[in-house]
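Participant: Sharing a structure, written as structure tokens. Questions coming.
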Protein chains: 2
Amino acid sequence: MKLLDKIQHQGRELTGRALDRHLRLGVTGLSGSGKTAFITSLVQQLTMGDQSANLPFFDVVQSQRYLGGRLAKPPLDVPRFPLEQNLQALQQSPPQWPASTQGWSQLSLTLRYKASTGLRAHLQSHSELALDIIDYPGEWLLDLPLLDMNYKQWCEFSWQLFSKPHRVDVAAHFNQQLAAISLDNATELQLQTLTDSYKALLQQFHQTPGAYLNQPGRLLVPGTLAGAPMLQLFPLLPHQVSADSALAKKLTQHYESYCAHVIKPFYQKHFSGLDRQVILVDCLSALNAGYAAMTELQQALQLILKSFHYGPASLLGRLFSPSIDKVLFAASKADHATPEQHKALTLLLQQFLQQPLKHSQYQAAKTEAMAIAAIRASSSGFVQSDGLPQPCISGTSLEQKAVTFFPGDVPAQLPTAQMFAQHQFAFIPLRPLPWQDCKPLPHVRMDHVLQYLLGDKLR
Amino acid sequence: MKLLDKIQHQGRELTGRALDRHLRLGVTGLSGSGKTAFITSLVQQLTMGDQSANLPFFDVVQSQRYLGGRLAKPPLDVPRFPLEQNLQALQQSPPQWPASTQGWSQLSLTLRYKASTGLRAHLQSHSELALDIIDYPGEWLLDLPLLDMNYKQWCEFSWQLFSKPHRVDVAAHFNQQLAAISLDNATELQLQTLTDSYKALLQQFHQTPGAYLNQPGRLLVPGTLAGAPMLQLFPLLPHQVSADSALAKKLTQHYESYCAHVIKPFYQKHFSGLDRQVILVDCLSALNAGYAAMTELQQALQLILKSFHYGPASLLGRLFSPSIDKVLFAASKADHATPEQHKALTLLLQQFLQQPLKHSQYQAAKTEAMAIAAIRASSSGFVQSDGLPQPCISGTSLEQKAVTFFPGDVPAQLPTAQMFAQHQFAFIPLRPLPWQDCKPLPHVRMDHVLQYLLGDKLR
């Protein structure tokens with residue numbers, strides 16, 4: 001971009017934000033939570049023609065004041081969200097879920113509408129809202145709590161986690177490797193071998209159902225930092241940290257450098273610019289994976305929540321002044337359960353977050369929880385069972401079999417370990433419903449999502 | 001690094017540079033030119049114990065004033081050159097060449113010596129020189145000339161290059177794809193498909209012997225910019241650029257953005273800090289690959305040289321003030337020819353650079369050319385042939401066969417196309433000689449290299 005263009009671009013952006021005509025919406029969630037499908041659907045709903053039948057609870061559409069949305073010219077030096085490739089995947093035969101994204105990406109829209117009230121309604125034929133949608137891995141938010149721990153505490157935290165039933169076997173080999181190391185005479189080569197082993201362990205965890213909480217979040221995607229000494233970072237065994245050894249000192253320095261050069265810049269550069277945030281949570285897969293998985297998801301979400309509690313005394317409050325004023329927690333893939341279970345799914349999500357979100361007085365941002373499906377993978381109906389109508393869903397399994405079934409009840413409370421011992425949850429993953437480009441994308445409650453996130457800005 | 005540490009660290013560095021006690025040495029070269037072996041050998045020569053027998057032309061060692069070198073504490077947030085892994089590879093049985101590095105890395109040394117003259121010799125028992133060695137791909141230097149072209153000129157330049165005999169067949173498919181595109185109605189998906197095709201083409205060129213000049217140099221290692229629109233960058237066919245189409249406009253914007261956001265920051269961030277520079281050139285492989293390859297290497301080196309001509313009117317002079325005062329061009333792998341051919345190899349390298357380097361008055365930096373082998377792969381000797389001693393080299397081929405042979409003459413001038421038609425050069429690649437950690441690394445002329453690069457700083 002030429003300098004003049006850049007100044008004009010920044011000028012537009014600043015003016016837009018000052019006049020409340022520019023909104024930066026973050027979308028995140030742990031790997032597999034459905035970020036890509038969510039953004040693809042959100043953009044398709046906003047740029048598609050007449051959507052009044054498809055978005056009944058989105059006020060600006062229902063009151064026929066929405067004039068349409070279009071993709072805006074993207075900043076050329078920021079990774080762009082691959083919308084077109086994703087829509088193409090959905091139109092394959094059989095339909096494919098879009099490929100998941102890695103790292104940061106952005107898509108910009110211009111939304112045009114008629115203002116309903118105020119000076120603007122009288123003076124202008126239409127108003128515009130510039131919307132930037134920013135996609136980033138939820139794993140990056142799991143790094144924030146590291147700023148609140150020292151290296152010793154992180155080692156204790158990690159090895160407590162690695163002792164859980166779904167992790168202990170996976171971590172056994174690395175445990176043995178660590179136990180064999182000399183704390184005062186470890187060579188550079190040994191240090192690198194252990195680093196590589198820890199990376200391999202994180203990769204294995206990444207494939208382990210229910211192992212959500214993998215720190216540091218940036219070790220597996222080092223980018224231009226690949227090979228930097230501070231990424232030689234792994235948790236020593238707790239008894240190894242207590243001794244004041246050369247290795248413990250070195251790893252402590254790496255830990256502090258990682259906090260300073262990776263975590264803080266992330267929050268300052270990317271997070272500080274966000275106005276609103278969506279966090280997607282795949283509760284059903286956690287139920288499928290069992291008790292330890294469910295507990296760990298709960299723990300991971302608690303840590304992620306820290307990024308949205310930022311009073312003056314909070315960690316983020318001390319770093320900078322975040323400006324997120326609304327957060328939406330969405331239980332994704334709700335269409336993998338029957339509709340009458342959605343209420344329970346929302347309650348379950350709130351249990352995961354351990355609080356009735358709306359009434360918390362400790363939060364800087366307004367929060368909400370919903371059960372949604374960004375892109376529908378099933379249709380719902382009833383079958384007759386013993387003469388009574390029984391709810392069911394129909395779809396296509398990943399193996400391309402047409403299936404109609406009742407996936408089971410969603411518990412409205414976190415099940416206990418005993419309940420898991422007696423009951424295996426099995427919410428089966430499905431392919432997206434077939435879809436043609438000219439039709440609205442079928443969804444569950446994306447109109448509620450749009451109303452919550454954008455409604456007040458489109459009045 | 002804590003803030004105080006950082007200030008102290010920067011303070012040390014600034015003081016060191018001001019007092020001429022800190023030197024930043026860049027090492028570069030096109031892929032396969034031997035950067036990794038060069039740095040590994042340089043560091044091993046400087047950190048090994050008594051080297052007087054191994055480094056006869058390195059003054060500070062010969063006059064017994066060199067007290068030794070050790071690895072300094074590395075900056076934790078900069079990729080570190082993997083010295084230990086490289087030394088380990090050399091000790092394998094059979095010996096392996098170290099893995100080539102990708103991207104930027106650094107290694108820092110502290111060299112201790114007795115000053116021979118001046119105040120320092122009288123006041124201090126020893127002096128220290130801090131040496132940072134910085135490794136980066138020569139391909140990145142090939143981007144500088146893009147700043148001097150516009151998009152249209154780059155398209156013409158590229159397609160002229162792609163019409164050369166060793167490239168034309170490889171580029172045929174991409175040529176057809178381009179010819180079929182609509183210049184005014186290309187979709188985002190088509191643009192991405194062409195981008196992916198161009199990337200695949202660059203990758204194929206990268207594997208093609210003698211295809212050195214691949215631009216833009218950063219398209220294949222996008223790092224955190226992956227997916228940014230400006231990396232949707234490929235050369236349209238020359239007749240396609242002349243028309244004032246939507247696609248040509250878009251690609252022009254991407255080209256300009258790439259220049260502004262990738263090329264300029266590279267020079268400003270990395271290149272501006274260098275004091276001296278080594279450029280490695282594998283002339284023998286170019287001879288093996290034939291006339292077109294040799295011509296292209298010459299062209300690539302001409303472009304790379306631009307980075308070291310920076311008078312006030314030059315491109316770099318206008319960007320910032322570089323501080324490189326000495327450049328060494330080294331014809332690497334000289335031990336793949338017999339010793340009496342080294343003089344011709346040096347002359348050939350100077351031909352590649354198209355000037356007698358020492359006497360050029362147009363250069364900001366002092367330059368020198370040498371034929372070297374950073375790590376020896378052969379021993380040299382004589383065999384009797386028709387009763388006369390014939391020079392030969394002995395080594396182990398990549399297929400692990402012991403070989404003794406005369407690899408042929410090195411031409412002291414660039415051979416003509418006709419000469420290539422009559423003669424096939426065949427300088428056979430060899431494994432490194434077996435080596436044990438406690439011994440000096442065998443080399444050819446690394447003592448001359450050290451004297452040229454460091455001699456005046458160790459007086």
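By order of appearance in the structure tokens: chains A, B, ..., then residues from 1 within every chain, and ligands from 1 in the order shown.
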Would you kindly return, as an MDAnalysis selection string, each protein, DNA or RNA residue with an atom no farther than 7 Å from any atom of segment 199-207 of chain B, considering only C-alpha atoms and excluding same-chain residues fewer than 6 positions away?

Facilitator: chainID B and resid 171 214 220

Participant: Those residues with N, CA and C atoms, as a PDB file, in the first residue's frame please?

Facilitator:
ATOM      1  N   ALA B 171       7.810 -24.437 -17.246  1.00  0.00           N
ATOM      2  CA  ALA B 171       6.861 -23.331 -17.131  1.00  0.00           C
ATOM      3  C   ALA B 171       5.666 -23.445 -18.073  1.00  0.00           C
ATOM      4  N   ASN B 214      14.762 -17.248  -8.526  1.00  0.00           N
ATOM      5  CA  ASN B 214      13.329 -17.448  -8.317  1.00  0.00           C
ATOM      6  C   ASN B 214      12.767 -16.337  -7.450  1.00  0.00           C
ATOM      7  N   LEU B 220       7.804 -18.870  -0.938  1.00  0.00           N
ATOM      8  CA  LEU B 220       7.813 -20.264  -0.484  1.00  0.00           C
ATOM      9  C   LEU B 220       7.982 -20.380   1.032  1.00  0.00           C
TER      10      LEU B 220
END

Participant: Could you pull out all residues of segment 314-363 of chain A with a DSSP call of strand (DSSP E or B) and give them as a PyMOL selection string?

Facilitator: chain A and resi 326-331

Participant: Could the residues in this selection be saved with all heavy atoms as a PDB file, in the first residue's frame?

Facilitator:
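Generated file (out.pdb):
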ATOM      1  N   LYS A 326     -18.638  -7.144  24.568  1.00  0.00           N
ATOM      2  CA  LYS A 326     -19.613  -8.245  24.520  1.00  0.00           C
ATOM      3  C   LYS A 326     -18.894  -9.538  24.158  1.00  0.00           C
ATOM      4  O   LYS A 326     -18.087  -9.550  23.221  1.00  0.00           O
ATOM      5  CB  LYS A 326     -20.664  -7.985  23.430  1.00  0.00           C
ATOM      6  CG  LYS A 326     -21.856  -7.179  23.870  1.00  0.00           C
ATOM      7  CD  LYS A 326     -22.914  -7.208  22.759  1.00  0.00           C
ATOM      8  CE  LYS A 326     -24.204  -6.547  23.216  1.00  0.00           C
ATOM      9  NZ  LYS A 326     -25.257  -6.657  22.175  1.00  0.00           N
ATOM     10  N   VAL A 327     -19.217 -10.592  24.880  1.00  0.00           N
ATOM     11  CA  VAL A 327     -18.647 -11.902  24.575  1.00  0.00           C
ATOM     12  C   VAL A 327     -19.794 -12.892  24.396  1.00  0.00           C
ATOM     13  O   VAL A 327     -20.732 -12.908  25.192  1.00  0.00           O
ATOM     14  CB  VAL A 327     -17.722 -12.383  25.714  1.00  0.00           C
ATOM     15  CG1 VAL A 327     -17.134 -13.745  25.386  1.00  0.00           C
ATOM     16  CG2 VAL A 327     -16.612 -11.384  25.978  1.00  0.00           C
ATOM     17  N   LEU A 328     -19.715 -13.668  23.333  1.00  0.00           N
ATOM     18  CA  LEU A 328     -20.714 -14.717  23.128  1.00  0.00           C
ATOM     19  C   LEU A 328     -20.050 -16.079  23.249  1.00  0.00           C
ATOM     20  O   LEU A 328     -19.109 -16.377  22.508  1.00  0.00           O
ATOM     21  CB  LEU A 328     -21.341 -14.592  21.735  1.00  0.00           C
ATOM     22  CG  LEU A 328     -22.276 -15.744  21.333  1.00  0.00           C
ATOM     23  CD1 LEU A 328     -23.518 -15.777  22.216  1.00  0.00           C
ATOM     24  CD2 LEU A 328     -22.678 -15.632  19.867  1.00  0.00           C
ATOM     25  N   PHE A 329     -20.513 -16.895  24.195  1.00  0.00           N
ATOM     26  CA  PHE A 329     -20.086 -18.286  24.255  1.00  0.00           C
ATOM     27  C   PHE A 329     -21.124 -19.111  23.506  1.00  0.00           C
ATOM     28  O   PHE A 329     -22.306 -19.062  23.835  1.00  0.00           O
ATOM     29  CB  PHE A 329     -19.994 -18.754  25.702  1.00  0.00           C
ATOM     30  CG  PHE A 329     -18.827 -18.144  26.426  1.00  0.00           C
ATOM     31  CD1 PHE A 329     -18.973 -16.940  27.108  1.00  0.00           C
ATOM     32  CD2 PHE A 329     -17.590 -18.760  26.415  1.00  0.00           C
ATOM     33  CE1 PHE A 329     -17.899 -16.361  27.757  1.00  0.00           C
ATOM     34  CE2 PHE A 329     -16.501 -18.185  27.066  1.00  0.00           C
ATOM     35  CZ  PHE A 329     -16.653 -16.987  27.742  1.00  0.00           C
ATOM     36  N   ALA A 330     -20.694 -19.846  22.503  1.00  0.00           N
ATOM     37  CA  ALA A 330     -21.642 -20.621  21.698  1.00  0.00           C
ATOM     38  C   ALA A 330     -21.295 -22.102  21.751  1.00  0.00           C
ATOM     39  O   ALA A 330     -20.173 -22.492  21.407  1.00  0.00           O
ATOM     40  CB  ALA A 330     -21.628 -20.113  20.256  1.00  0.00           C
ATOM     41  N   ALA A 331     -22.232 -22.914  22.212  1.00  0.00           N
ATOM     42  CA  ALA A 331     -22.076 -24.362  22.139  1.00  0.00           C
ATOM     43  C   ALA A 331     -22.349 -24.736  20.687  1.00  0.00           C
ATOM     44  O   ALA A 331     -23.484 -24.657  20.218  1.00  0.00           O
ATOM     45  CB  ALA A 331     -23.050 -25.050  23.078  1.00  0.00           C
TER      46      ALA A 331
END

Participant: Please produce, as a tab-separated table, a per-residue contact table for segment 272-350 of chain A versus segment 393-409 of chain A (criterion: any atom at most 12 Å away, only C-alpha atoms considered), showing the nearest atom pair and its distance in Å to one decimal, sorted by chain then residue number.

Facilitator:
residue	atom	partner	partner_atom	distance
A:Leu284	CA	A:Pro407	CA	10.5
A:Leu287	CA	A:Asp409	CA	11.1
A:Asn288	CA	A:Pro407	CA	11.2
A:Ala334	CA	A:Ile393	CA	11.2
A:Asp335	CA	A:Ile393	CA	8.0
A:His336	CA	A:Pro407	CA	7.4
A:Ala337	CA	A:Pro407	CA	5.9
A:Thr338	CA	A:Ile393	CA	6.1
A:Pro339	CA	A:Ile393	CA	8.8
A:Glu340	CA	A:Asp409	CA	9.2
A:Gln341	CA	A:Asp409	CA	6.5
A:His342	CA	A:Asp409	CA	9.8
A:Lys343	CA	A:Asp409	CA	11.1
A:Ala344	CA	A:Asp409	CA	8.6
A:Leu345	CA	A:Asp409	CA	9.5
A:Leu348	CA	A:Asp409	CA	11.8

Participant: Once you count only C-alpha atoms, which residues of chain A turn out to be within 10 Å of chain B? Could you give them as a PyMOL selection string?

Facilitator: chain A and resi 1-3+74-85+88+102-106+187-190+192+221-232+253-262

Participant: What lies within 6 Å of segment 139-144 of chain B using only C-alpha atoms, ignoring chain neighbours under 6 positions off, as a list in words?

Facilitator: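 Within the cut-off, the hits are Leu30, Gly217 and Ile304 of chain B.
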
Participant: Write out as a count of residues only the residues lying within 8 Å of Leu90 of chain A, counting only C-alpha atoms and excluding same-chain residues fewer than 6 positions away.

Facilitator: 6

Participant: Report, in Å with one decimal, the straight-line distance from atom CA of Phe308 of chain B to atom CA of Ala364 of chain B.

Facilitator: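 Interatomic distance, atom CA of Phe308 of chain B to atom CA of Ala364 of chain B: 7.0 Å.
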
Participant: Let me make sure I understand: among B:Leu237, B:Ala293, B:Met370, B:Ala130, which one has the smallest atom-to-atom distance to Arg167 of chain B if we use only C-alpha atoms?

Facilitator: B:Ala293

Participant: Which one is closest to Phe174 of chain A: A:Gly381, A:Pro235, A:Gly49, A:Pro442? Count only C-alpha atoms.

Facilitator: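 Among the listed residues, A:Pro235 lies closest to Phe174 of chain A.
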
Participant: Under the rule that only C-alpha atoms are counted, which of B:Val383, B:Ile263, B:Ala246, B:Cys392 is the nearest residue to Ala186 of chain B?

Facilitator: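 Among the listed residues, the smallest separation from Ala186 of chain B belongs to B:Ala246.
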
Participant: State, in Å with one decimal place, the distance from atom CA of Ser163 of chain A to atom CA of Cys283 of chain A.

Facilitator: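 Between these atoms lies a distance of 22.9 Å.
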
Participant: I need the residue nearest Gln302 of chain A from this list: A:Gln64, A:Ser182, A:Gln354, A:Thr28. Use only C-alpha atoms for the distance.

Facilitator: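 For Gln302 of chain A, the nearest of the given residues is A:Gln354.
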